[in-house]
$ cat data.cif   # mmCIF, C-alpha atoms
data_model
loop_
_atom_site.group_PDB
_atom_site.id
_atom_site.type_symbol
_atom_site.label_atom_id
_atom_site.label_comp_id
_atom_site.auth_asym_id
_atom_site.auth_seq_id
_atom_site.Cartn_x
_atom_site.Cartn_y
_atom_site.Cartn_z
ATOM 1 C CA MET A 1 80.356 -90.683 -45.547
ATOM 2 C CA PHE A 2 79.662 -93.668 -47.818
ATOM 3 C CA LYS A 3 75.958 -94.469 -48.125
ATOM 4 C CA LYS A 4 76.157 -96.721 -51.188
ATOM 5 C CA ILE A 5 79.258 -98.683 -52.174
ATOM 6 C CA VAL A 6 79.587 -100.646 -55.418
ATOM 7 C CA PHE A 7 82.194 -103.409 -55.476
ATOM 8 C CA ALA A 8 82.856 -104.514 -59.067
ATOM 9 C CA THR A 9 84.524 -107.916 -59.335
ATOM 10 C CA ASP A 10 85.552 -110.417 -61.978
ATOM 11 C CA GLY A 11 86.271 -113.140 -59.436
ATOM 12 C CA SER A 12 90.060 -113.040 -59.881
ATOM 13 C CA PRO A 13 92.411 -113.332 -56.877
ATOM 14 C CA VAL A 14 93.342 -109.643 -57.030
ATOM 15 C CA CYS A 15 89.723 -108.853 -56.137
ATOM 16 C CA GLU A 16 89.919 -110.658 -52.782
ATOM 17 C CA ALA A 17 91.876 -107.823 -51.142
ATOM 18 C CA ALA A 18 89.407 -105.346 -52.618
ATOM 19 C CA ALA A 19 86.495 -107.437 -51.311
ATOM 20 C CA LYS A 20 87.858 -107.387 -47.765
ATOM 21 C CA ILE A 21 88.096 -103.601 -47.805
ATOM 22 C CA ALA A 22 84.654 -103.254 -49.413
ATOM 23 C CA PHE A 23 83.044 -105.347 -46.663
ATOM 24 C CA GLU A 24 84.880 -103.583 -43.867
ATOM 25 C CA LEU A 25 84.161 -100.101 -45.218
ATOM 26 C CA SER A 26 80.470 -100.886 -45.583
ATOM 27 C CA GLU A 27 80.288 -102.078 -41.983
ATOM 28 C CA LYS A 28 82.230 -99.141 -40.555
ATOM 29 C CA TYR A 29 80.019 -96.591 -42.288
ATOM 30 C CA ASN A 30 76.761 -98.609 -42.225
ATOM 31 C CA SER A 31 76.771 -98.458 -46.023
ATOM 32 C CA GLU A 32 74.660 -100.318 -48.523
ATOM 33 C CA LEU A 33 77.019 -102.683 -50.369
ATOM 34 C CA ILE A 34 76.249 -104.037 -53.839
ATOM 35 C CA LEU A 35 78.567 -106.592 -55.467
ATOM 36 C CA ILE A 36 78.360 -106.656 -59.256
ATOM 37 C CA TYR A 37 79.764 -108.904 -61.959
ATOM 38 C CA VAL A 38 79.474 -107.967 -65.641
ATOM 39 C CA TYR A 39 79.466 -110.424 -68.532
ATOM 40 C CA GLU A 40 79.441 -109.835 -72.260
ATOM 41 C CA ASP A 41 77.286 -112.088 -74.462
ATOM 42 C CA ASP A 42 79.801 -112.051 -77.296
ATOM 43 C CA SER A 43 82.815 -112.715 -75.085
ATOM 44 C CA LYS A 44 84.398 -116.155 -74.931
ATOM 45 C CA GLU A 45 86.226 -115.407 -71.687
ATOM 46 C CA SER A 46 85.614 -117.748 -68.769
ATOM 47 C CA CYS A 47 83.789 -116.642 -65.660
ATOM 48 C CA LEU A 48 85.742 -117.529 -62.532
ATOM 49 C CA PHE A 49 82.541 -118.015 -60.535
ATOM 50 C CA VAL A 50 81.226 -120.936 -62.650
ATOM 51 C CA PRO A 51 82.633 -123.973 -64.544
ATOM 52 C CA ASP A 52 83.892 -123.392 -68.093
ATOM 53 C CA SER A 53 81.267 -125.821 -69.418
ATOM 54 C CA LEU A 54 78.480 -123.539 -68.201
ATOM 55 C CA THR A 55 80.236 -120.436 -69.548
ATOM 56 C CA ILE A 56 80.283 -121.960 -73.035
ATOM 57 C CA LYS A 57 76.538 -122.627 -72.874
ATOM 58 C CA ARG A 58 75.539 -119.293 -71.366
ATOM 59 C CA LEU A 59 73.840 -117.982 -74.522
ATOM 60 C CA ARG A 60 71.399 -120.904 -74.533
ATOM 61 C CA PHE A 61 70.981 -121.120 -70.770
ATOM 62 C CA ARG A 62 71.159 -117.497 -69.715
ATOM 63 C CA PRO A 63 68.899 -117.756 -66.596
ATOM 64 C CA ASP A 64 70.827 -120.808 -65.370
ATOM 65 C CA TYR A 65 74.103 -119.069 -66.084
ATOM 66 C CA ILE A 66 73.153 -115.932 -64.138
ATOM 67 C CA ALA A 67 71.874 -118.017 -61.223
ATOM 68 C CA ALA A 68 75.138 -119.978 -61.172
ATOM 69 C CA VAL A 69 77.236 -116.786 -61.209
ATOM 70 C CA LEU A 70 75.222 -115.342 -58.319
ATOM 71 C CA GLU A 71 75.679 -118.539 -56.336
ATOM 72 C CA GLY A 72 79.405 -118.516 -57.104
ATOM 73 C CA MET A 73 79.718 -114.907 -55.951
ATOM 74 C CA LYS A 74 77.946 -115.665 -52.673
ATOM 75 C CA ASN A 75 80.109 -118.717 -52.036
ATOM 76 C CA THR A 76 83.336 -116.883 -52.890
ATOM 77 C CA TYR A 77 82.724 -113.733 -50.893
ATOM 78 C CA GLY A 78 80.807 -115.418 -48.111
ATOM 79 C CA ALA A 79 84.113 -117.105 -47.301
ATOM 80 C CA VAL A 80 85.898 -113.728 -47.319
ATOM 81 C CA VAL A 81 83.280 -112.291 -44.971
ATOM 82 C CA LYS A 82 83.714 -115.254 -42.621
ATOM 83 C CA LYS A 83 87.443 -114.537 -42.455
ATOM 84 C CA ASN A 84 86.666 -110.967 -41.444
ATOM 85 C CA LYS A 85 84.116 -112.086 -38.836
ATOM 86 C CA ASP A 86 86.858 -114.116 -37.164
ATOM 87 C CA SER A 87 89.289 -111.162 -37.171
ATOM 88 C CA LYS A 88 89.906 -108.655 -34.373
ATOM 89 C CA TYR A 89 88.873 -105.688 -36.497
ATOM 90 C CA GLU A 90 86.741 -103.156 -34.554
ATOM 91 C CA TYR A 91 83.512 -102.593 -36.464
ATOM 92 C CA HIS A 92 81.005 -99.811 -36.019
ATOM 93 C CA ASP A 93 78.754 -100.661 -33.019
ATOM 94 C CA ASN A 94 80.643 -103.990 -32.807
ATOM 95 C CA LYS A 95 78.655 -105.209 -35.804
ATOM 96 C CA LYS A 96 80.402 -107.889 -37.870
ATOM 97 C CA PRO A 97 79.796 -108.489 -41.609
ATOM 98 C CA ASP A 98 76.849 -110.682 -42.539
ATOM 99 C CA PRO A 99 76.902 -112.339 -46.001
ATOM 100 C CA ASP A 100 73.092 -112.253 -46.091
ATOM 101 C CA ASN A 101 73.040 -108.444 -45.856
ATOM 102 C CA ILE A 102 75.019 -107.971 -49.080
ATOM 103 C CA GLU A 103 73.316 -107.500 -52.446
ATOM 104 C CA TYR A 104 74.666 -109.404 -55.449
ATOM 105 C CA LYS A 105 73.935 -108.487 -59.064
ATOM 106 C CA VAL A 106 74.943 -109.827 -62.470
ATOM 107 C CA LEU A 107 74.920 -107.241 -65.268
ATOM 108 C CA GLU A 108 75.233 -107.668 -69.019
ATOM 109 C CA GLY A 109 77.242 -105.423 -71.337
ATOM 110 C CA GLU A 110 80.674 -103.903 -71.830
ATOM 111 C CA PRO A 111 82.180 -104.112 -68.306
ATOM 112 C CA ALA A 112 83.379 -100.528 -67.774
ATOM 113 C CA GLN A 113 80.240 -98.929 -69.175
ATOM 114 C CA ALA A 114 77.973 -101.278 -67.238
ATOM 115 C CA ILE A 115 79.782 -100.400 -63.991
ATOM 116 C CA LEU A 116 79.575 -96.681 -64.738
ATOM 117 C CA ASP A 117 75.891 -96.817 -65.664
ATOM 118 C CA PHE A 118 74.960 -98.858 -62.601
ATOM 119 C CA ALA A 119 76.867 -96.565 -60.211
ATOM 120 C CA LEU A 120 75.185 -93.531 -61.743
ATOM 121 C CA LYS A 121 71.740 -95.150 -61.608
ATOM 122 C CA ILE A 122 71.893 -95.939 -57.889
ATOM 123 C CA GLU A 123 73.825 -92.723 -57.051
ATOM 124 C CA ALA A 124 76.768 -94.606 -55.553
ATOM 125 C CA ASP A 125 79.189 -92.763 -53.265
ATOM 126 C CA CYS A 126 82.137 -94.998 -54.078
ATOM 127 C CA ILE A 127 83.186 -97.695 -56.560
ATOM 128 C CA ILE A 128 85.687 -100.297 -55.365
ATOM 129 C CA MET A 129 87.757 -102.373 -57.779
ATOM 130 C CA GLY A 130 90.840 -104.558 -57.766
ATOM 131 C CA ALA A 131 93.771 -103.135 -59.716
ATOM 132 C CA HIS A 132 94.945 -105.619 -62.348
ATOM 133 C CA GLY A 133 98.489 -104.767 -63.256
ATOM 134 C CA ARG A 134 100.055 -107.251 -65.705
ATOM 135 C CA VAL A 135 99.708 -107.589 -69.449
ATOM 136 C CA ASP A 136 101.882 -109.454 -71.943
ATOM 137 C CA ASP A 137 104.883 -107.556 -73.222
ATOM 138 C CA PRO A 138 105.198 -107.976 -77.007
ATOM 139 C CA ASP A 139 108.965 -107.405 -76.729
ATOM 140 C CA GLY A 140 109.340 -110.445 -74.545
ATOM 141 C CA LYS A 141 110.222 -108.699 -71.291
ATOM 142 C CA GLY A 142 107.655 -110.610 -69.242
ATOM 143 C CA PHE A 143 104.911 -108.121 -68.469
ATOM 144 C CA ILE A 144 104.202 -104.397 -68.575
ATOM 145 C CA LYS A 145 103.104 -102.565 -65.435
ATOM 146 C CA THR A 146 99.838 -101.148 -66.726
ATOM 147 C CA ALA A 147 96.271 -101.015 -65.461
ATOM 148 C CA GLY A 148 93.492 -102.866 -67.239
ATOM 149 C CA LYS A 149 91.275 -100.891 -69.602
ATOM 150 C CA THR A 150 88.142 -101.462 -67.490
ATOM 151 C CA LEU A 151 89.709 -99.852 -64.414
ATOM 152 C CA LYS A 152 91.124 -97.027 -66.530
ATOM 153 C CA LYS A 153 87.779 -96.164 -68.067
ATOM 154 C CA VAL A 154 85.948 -96.343 -64.737
ATOM 155 C CA ILE A 155 88.496 -94.072 -63.049
ATOM 156 C CA LYS A 156 88.343 -91.651 -65.956
ATOM 157 C CA GLU A 157 84.553 -91.353 -66.226
ATOM 158 C CA ALA A 158 83.050 -92.306 -62.848
ATOM 159 C CA CYS A 159 80.447 -90.069 -61.254
ATOM 160 C CA CYS A 160 81.916 -90.779 -57.813
ATOM 161 C CA PRO A 161 85.323 -91.519 -56.249
ATOM 162 C CA VAL A 162 86.906 -94.824 -57.313
ATOM 163 C CA LEU A 163 88.865 -96.811 -54.744
ATOM 164 C CA SER A 164 91.336 -99.288 -56.241
ATOM 165 C CA ILE A 165 93.331 -101.932 -54.392
ATOM 166 C CA ALA A 166 96.350 -103.672 -55.886
ATOM 167 C CA ARG A 167 97.333 -105.830 -52.903
ATOM 168 C CA PRO A 168 96.356 -106.550 -49.285
ATOM 169 C CA CYS A 169 96.831 -103.452 -47.143
ATOM 170 C CA GLU A 170 99.126 -104.020 -44.145
ATOM 171 C CA THR A 171 98.357 -100.627 -42.556
ATOM 172 C CA CYS A 172 94.542 -100.656 -42.899
ATOM 173 C CA PHE A 173 93.029 -101.154 -39.472
ATOM 174 C CA TRP A 174 90.472 -98.387 -38.990
ATOM 175 C CA TYR A 175 89.635 -96.927 -42.417
ATOM 176 C CA PHE A 176 91.187 -94.492 -42.215
ATOM 177 C CA SER A 177 93.807 -93.058 -39.845
ATOM 178 C CA ARG A 178 96.429 -91.461 -42.126
ATOM 179 C CA ILE A 179 95.343 -90.007 -45.470
ATOM 180 C CA VAL A 180 97.818 -88.738 -48.060
ATOM 181 C CA PHE A 181 96.448 -86.256 -50.575
ATOM 182 C CA GLY A 182 98.739 -85.915 -53.597
ATOM 183 C CA THR A 183 98.312 -82.732 -55.620
ATOM 184 C CA ASN A 184 99.559 -81.262 -58.874
ATOM 185 C CA PHE A 185 97.411 -78.120 -58.383
ATOM 186 C CA SER A 186 95.024 -79.040 -61.198
ATOM 187 C CA GLU A 187 91.272 -78.505 -61.125
ATOM 188 C CA ALA A 188 90.823 -82.226 -60.472
ATOM 189 C CA SER A 189 93.245 -81.944 -57.549
ATOM 190 C CA MET A 190 90.944 -79.376 -55.960
ATOM 191 C CA ALA A 191 88.039 -81.833 -56.173
ATOM 192 C CA ALA A 192 90.275 -84.541 -54.675
ATOM 193 C CA PHE A 193 91.330 -82.186 -51.867
ATOM 194 C CA GLU A 194 87.717 -81.432 -50.972
ATOM 195 C CA PHE A 195 87.023 -85.162 -50.719
ATOM 196 C CA ALA A 196 90.209 -85.880 -48.716
ATOM 197 C CA TYR A 197 89.610 -82.985 -46.326
ATOM 198 C CA GLN A 198 85.949 -83.857 -45.743
ATOM 199 C CA LEU A 199 86.870 -87.495 -45.102
ATOM 200 C CA ALA A 200 89.702 -86.597 -42.703
ATOM 201 C CA ASP A 201 87.482 -84.101 -40.877
ATOM 202 C CA TYR A 202 84.611 -86.608 -40.673
ATOM 203 C CA ILE A 203 86.838 -89.368 -39.290
ATOM 204 C CA GLY A 204 89.123 -87.116 -37.268
ATOM 205 C CA CYS A 205 92.305 -88.500 -38.797
ATOM 206 C CA LYS A 206 95.613 -87.114 -40.025
ATOM 207 C CA LEU A 207 95.756 -85.484 -43.463
ATOM 208 C CA HIS A 208 99.099 -85.252 -45.252
ATOM 209 C CA ILE A 209 99.151 -82.771 -48.162
ATOM 210 C CA PHE A 210 101.883 -83.780 -50.592
ATOM 211 C CA HIS A 211 103.343 -82.310 -53.773
ATOM 212 C CA ALA A 212 106.304 -83.547 -55.817
ATOM 213 C CA LEU A 213 108.414 -81.108 -57.808
ATOM 214 C CA ASN A 214 109.371 -82.818 -61.037
ATOM 215 C CA LEU A 215 112.799 -81.309 -61.685
ATOM 216 C CA ASP A 216 113.778 -83.663 -64.490
ATOM 217 C CA SER A 217 115.962 -81.610 -66.822
ATOM 218 C CA SER A 218 116.735 -84.408 -69.270
ATOM 219 C CA GLY A 219 116.744 -83.157 -72.832
ATOM 220 C CA THR A 220 117.449 -79.591 -71.734
ATOM 221 C CA GLN A 221 120.473 -77.658 -70.612
ATOM 222 C CA ASN A 222 118.664 -76.098 -67.650
ATOM 223 C CA VAL A 223 119.991 -77.562 -64.409
ATOM 224 C CA LEU A 224 118.627 -75.838 -61.333
ATOM 225 C CA GLY A 225 120.896 -74.817 -58.522
ATOM 226 C CA GLN A 226 120.111 -75.627 -54.889
ATOM 227 C CA LYS A 227 118.837 -72.102 -54.195
ATOM 228 C CA GLN A 228 116.399 -72.329 -57.132
ATOM 229 C CA ILE A 229 115.177 -75.718 -55.951
ATOM 230 C CA GLU A 230 114.608 -74.435 -52.426
ATOM 231 C CA ASP A 231 112.751 -71.412 -53.789
ATOM 232 C CA GLN A 232 110.444 -73.657 -55.844
ATOM 233 C CA ILE A 233 109.782 -75.860 -52.823
ATOM 234 C CA GLN A 234 108.835 -72.814 -50.774
ATOM 235 C CA GLU A 235 106.608 -71.532 -53.584
ATOM 236 C CA ALA A 236 104.786 -74.879 -53.646
ATOM 237 C CA LYS A 237 104.293 -74.778 -49.873
ATOM 238 C CA ASN A 238 102.927 -71.242 -50.101
ATOM 239 C CA ARG A 239 100.526 -72.337 -52.825
ATOM 240 C CA ILE A 240 99.338 -75.243 -50.673
ATOM 241 C CA ASP A 241 98.653 -72.780 -47.870
ATOM 242 C CA GLN A 242 96.725 -70.473 -50.166
ATOM 243 C CA GLU A 243 94.693 -73.074 -52.084
ATOM 244 C CA TYR A 244 94.097 -75.795 -49.509
ATOM 245 C CA VAL A 245 94.939 -74.852 -45.925
ATOM 246 C CA SER A 246 92.878 -71.678 -46.198
ATOM 247 C CA GLN A 247 89.774 -73.845 -46.742
ATOM 248 C CA MET A 248 90.226 -76.098 -43.712
ATOM 249 C CA HIS A 249 88.956 -73.611 -41.111
ATOM 250 C CA ASN A 250 89.519 -75.112 -37.634
ATOM 251 C CA PHE A 251 90.908 -78.424 -38.877
ATOM 252 C CA ASP A 252 94.561 -78.544 -37.774
ATOM 253 C CA ASN A 253 95.419 -82.252 -37.924
ATOM 254 C CA TYR A 254 97.479 -81.944 -41.094
ATOM 255 C CA ASP A 255 100.993 -81.473 -42.378
ATOM 256 C CA ILE A 256 102.554 -80.327 -45.640
ATOM 257 C CA ALA A 257 105.352 -82.036 -47.554
ATOM 258 C CA VAL A 258 107.012 -81.008 -50.817
ATOM 259 C CA TRP A 259 109.639 -83.350 -52.193
ATOM 260 C CA GLU A 260 111.616 -83.229 -55.413
ATOM 261 C CA GLY A 261 111.729 -86.031 -57.954
ATOM 262 C CA SER A 262 109.502 -88.213 -60.095
ATOM 263 C CA PRO A 263 105.935 -87.561 -58.848
ATOM 264 C CA TYR A 264 104.687 -91.136 -58.529
ATOM 265 C CA ILE A 265 107.938 -92.413 -57.001
ATOM 266 C CA GLU A 266 108.116 -89.627 -54.422
ATOM 267 C CA LEU A 267 104.428 -89.953 -53.561
ATOM 268 C CA LEU A 268 104.780 -93.694 -52.977
ATOM 269 C CA LYS A 269 107.927 -93.175 -50.884
ATOM 270 C CA PHE A 270 106.207 -90.529 -48.786
ATOM 271 C CA SER A 271 103.135 -92.727 -48.341
ATOM 272 C CA ARG A 272 105.267 -95.607 -47.057
ATOM 273 C CA GLU A 273 107.160 -93.291 -44.713
ATOM 274 C CA ALA A 274 103.894 -91.885 -43.340
ATOM 275 C CA ARG A 275 102.410 -95.401 -43.071
ATOM 276 C CA SER A 276 99.312 -94.102 -44.783
ATOM 277 C CA ASP A 277 96.234 -96.277 -45.261
ATOM 278 C CA LEU A 278 94.757 -94.198 -48.092
ATOM 279 C CA ILE A 279 96.063 -92.081 -50.975
ATOM 280 C CA VAL A 280 93.711 -89.560 -52.602
ATOM 281 C CA MET A 281 94.480 -88.113 -56.044
ATOM 282 C CA GLY A 282 92.663 -86.130 -58.706
ATOM 283 C CA HIS A 283 92.315 -87.342 -62.271
ATOM 284 C CA ASN A 284 91.858 -84.628 -64.877
ATOM 285 C CA ASN A 285 89.924 -85.953 -67.873
ATOM 286 C CA MET A 286 88.657 -82.621 -69.192
ATOM 287 C CA TYR A 287 90.941 -82.426 -72.215
ATOM 288 C CA SER A 288 91.453 -86.105 -72.963
ATOM 289 C CA ASP A 289 90.193 -87.934 -76.016
ATOM 290 C CA PRO A 290 86.947 -89.725 -75.057
ATOM 291 C CA ASP A 291 88.123 -92.802 -76.962
ATOM 292 C CA GLU A 292 91.489 -92.874 -75.188
ATOM 293 C CA VAL A 293 91.521 -94.889 -71.968
ATOM 294 C CA SER A 294 94.914 -93.726 -70.671
ATOM 295 C CA PHE A 295 94.613 -91.804 -67.430
ATOM 296 C CA GLY A 296 98.130 -90.477 -66.920
ATOM 297 C CA PRO A 297 101.365 -92.136 -65.825
ATOM 298 C CA THR A 298 101.426 -90.742 -62.277
ATOM 299 C CA ILE A 299 98.031 -91.947 -61.087
ATOM 300 C CA GLU A 300 98.352 -95.227 -63.002
ATOM 301 C CA GLN A 301 101.661 -96.123 -61.381
ATOM 302 C CA VAL A 302 100.446 -95.052 -57.943
ATOM 303 C CA VAL A 303 97.325 -97.220 -58.322
ATOM 304 C CA LEU A 304 99.369 -100.256 -59.382
ATOM 305 C CA ARG A 305 102.280 -99.909 -56.954
ATOM 306 C CA SER A 306 100.721 -98.500 -53.799
ATOM 307 C CA ALA A 307 100.769 -100.653 -50.683
ATOM 308 C CA CYS A 308 97.491 -99.056 -49.565
ATOM 309 C CA PRO A 309 94.179 -98.273 -51.313
ATOM 310 C CA VAL A 310 94.066 -95.333 -53.730
ATOM 311 C CA ILE A 311 91.001 -93.162 -54.316
ATOM 312 C CA SER A 312 90.822 -91.186 -57.549
ATOM 313 C CA VAL A 313 88.454 -88.236 -57.912
ATOM 314 C CA ASN A 314 87.698 -86.599 -61.259
ATOM 315 C CA ARG A 315 84.979 -84.105 -60.388
#

$ encode --input "data.cif" --output "structure tokens"
Amino acid sequence: MFKKIVFATDGSPVCEAAAKIAFELSEKYNSELILIYVYEDDSKESCLFVPDSLTIKRLRFRPDYIAAVLEGMKNTYGAVVKKNKDSKYEYHDNKKPDPDNIEYKVLEGEPAQAILDFALKIEADCIIMGAHGRVDDPDGKGFIKTAGKTLKKVIKEACCPVLSIARPCETCFWYFSRIVFGTNFSEASMAAFEFAYQLADYIGCKLHIFHALNLDSSGTQNVLGQKQIEDQIQEAKNRIDQEYVSQMHNFDNYDIAVWEGSPYIELLKFSREARSDLIVMGHNNMYSDPDEVSFGPTIEQVVLRSACPVISVNR
């Protein structure tokens, strides 16, 4: 299912949970795993894999700098792999992760574009990233729950599915056993469904097909009665049958759920109730401004707040 996996890291703590899943996925599916770190020559930001003193001198000592970053990556994630080797996780053919079988690369350029270009060049099947979720609030409220611009751009433009992890997954034991596909019936949702269905069929796991009816009537005088709400729920279920179930042939390990409320809140609630270990969503970038990195409030909030990994598909 996943032949080539790219794990993009900046060395921050949020990437450790993503690293664990990247290693375990690559072992389960016998995938080629490439860890990449991107640096910008004109950036003064520190690299978490090397001392600040070496970061300052990187323009004059570029080969030494790259070698130090590679060594730091191997030391950092070699320790993560060792943790996994000591775990009771059941790997494919009982094969445990080996730090020496992982490829490490340091790339130069604007981070998001470098990740996108590299994934396209090697024809990656999946990009894995940690989901950074805090930025300073100019109004003094602490922080704003928003994804970083690198993750946003990668999700928006990637040539393959992007798996993002915001925190350690407490329900991830087999990758995967319960997949939730969240749909808004867009064209991108159809691409996400095809991925979710193929993955569930390949693994032989449960597929939950979920849709949230956003019945927010704020700013209008139209308040739906219970009969109208029930009719809309039934219409959504019928549409799911027509657009998705009809394509699943003999696959019957699925269920359908339509809830009412704010889409991202209801999807997260349903995912927790189902104890899912993966959420799959479509991201429609067809009509967005190419210079605008926003990728929609629903998928952004799901990515940042989900207790399990989230895969976004845009084509």

$ resolve_selection --input "data.cif" --expression "the PyMOL selection byres ((chain A and resi 200) around 12)" --output "JSON, numbers by chain"
{"A": [1, 175, 176, 177, 178, 179, 180, 181, 193, 194, 195, 196, 197, 198, 199, 201, 202, 203, 204, 205, 206, 207, 208, 209, 248, 251, 252, 253, 254, 277, 278, 279, 280]}

$ closest_residue --input "data.cif" --among "A:Met129, A:Leu224, A:Ala166, A:Ala236" --to "Gln301 (chain A)" --atoms "only C-alpha atoms"
A:Ala166

$ closest_atom_pairs --input "data.cif" --of "region 137-222 of chain A" --to "region 11-20 of chain A" --cutoff "9 Å" --atoms "all atoms listed in the file" --output "tab-separated table"
residue	atom	partner	partner_atom	distance
A:Leu163	CA	A:Ala18	CA	8.8
A:Ser164	CA	A:Ala18	CA	7.3
A:Ile165	CA	A:Ala18	CA	5.5
A:Ala166	CA	A:Val14	CA	6.8
A:Arg167	CA	A:Ala17	CA	6.1
A:Pro168	CA	A:Ala17	CA	5.0
A:Cys169	CA	A:Ala17	CA	7.7

$ closest_residue --input "data.cif" --among "A:Ala188, A:Cys160, A:Ile311, A:Ile299" --to "Ile122 (chain A)" --atoms "only C-alpha atoms"
A:Cys160

$ atom_distance --input "data.cif" --atom1 "CA of Ala257 (chain A)" --atom2 "CA of Arg275 (chain A)"
14.4 Å

$ resolve_selection --input "data.cif" --expression "the PyMOL selection byres ((chain A and resi 31) around 10)" --output "PDB file with C-alpha atoms, in the frame of the given file"
ATOM      1  CA  MET A   1      80.356 -90.683 -45.547  1.00  0.00           C
ATOM      2  CA  PHE A   2      79.662 -93.668 -47.818  1.00  0.00           C
ATOM      3  CA  LYS A   3      75.958 -94.469 -48.125  1.00  0.00           C
ATOM      4  CA  LYS A   4      76.157 -96.721 -51.188  1.00  0.00           C
ATOM      5  CA  ILE A   5      79.258 -98.683 -52.174  1.00  0.00           C
ATOM      6  CA  ALA A  22      84.654-103.254 -49.413  1.00  0.00           C
ATOM      7  CA  PHE A  23      83.044-105.347 -46.663  1.00  0.00           C
ATOM      8  CA  GLU A  24      84.880-103.583 -43.867  1.00  0.00           C
ATOM      9  CA  LEU A  25      84.161-100.101 -45.218  1.00  0.00           C
ATOM     10  CA  SER A  26      80.470-100.886 -45.583  1.00  0.00           C
ATOM     11  CA  GLU A  27      80.288-102.078 -41.983  1.00  0.00           C
ATOM     12  CA  LYS A  28      82.230 -99.141 -40.555  1.00  0.00           C
ATOM     13  CA  TYR A  29      80.019 -96.591 -42.288  1.00  0.00           C
ATOM     14  CA  ASN A  30      76.761 -98.609 -42.225  1.00  0.00           C
ATOM     15  CA  GLU A  32      74.660-100.318 -48.523  1.00  0.00           C
ATOM     16  CA  LEU A  33      77.019-102.683 -50.369  1.00  0.00           C
ATOM     17  CA  ILE A  34      76.249-104.037 -53.839  1.00  0.00           C
ATOM     18  CA  ASP A 125      79.189 -92.763 -53.265  1.00  0.00           C
TER      19      ASP A 125
END

$ closest_residue --input "data.cif" --among "A:Leu48, A:Leu35, A:Glu235, A:Asn314" --to "Ala192 (chain A)" --atoms "all atoms listed in the file"
A:Asn314

$ atom_distance --input "data.cif" --atom1 "CA of Phe7 (chain A)" --atom2 "CA of Arg272 (chain A)"
25.8 Å

$ closest_residue --input "data.cif" --among "A:Pro51, A:Gly282, A:Pro297, A:Gly182" --to "Tyr65 (chain A)" --atoms "all atoms listed in the file"
A:Pro51

$ atom_distance --input "data.cif" --atom1 "CA of Glu273 (chain A)" --atom2 "CA of Val310 (chain A)"
16.0 Å

$ residues_around --input "data.cif" --residues "Val154 (chain A)" --least-positions-apart "5" --cutoff "8 Å" --atoms "only C-alpha atoms" --output "list of chain:residue names"
A:Ala112, A:Gln113, A:Ile115, A:Leu116, A:Val162

$ closest_residue --input "data.cif" --among "A:Val302, A:Ser271, A:Ala119, A:His211" --to "Val6 (chain A)" --atoms "only C-alpha atoms"
A:Ala119

$ residues_near_point --input "data.cif" --point "(74.8, -116.9, -56.3)" --cutoff "12 Å" --atoms "only C-alpha atoms" --output "ChimeraX atom specification"
/A:35-37,49-50,63-78,99-100,102-106

$ closest_residue --input "data.cif" --among "A:Leu107, A:Val245, A:Ile128, A:Ile265" --to "Ala158 (chain A)" --atoms "all atoms listed in the file"
A:Ile128
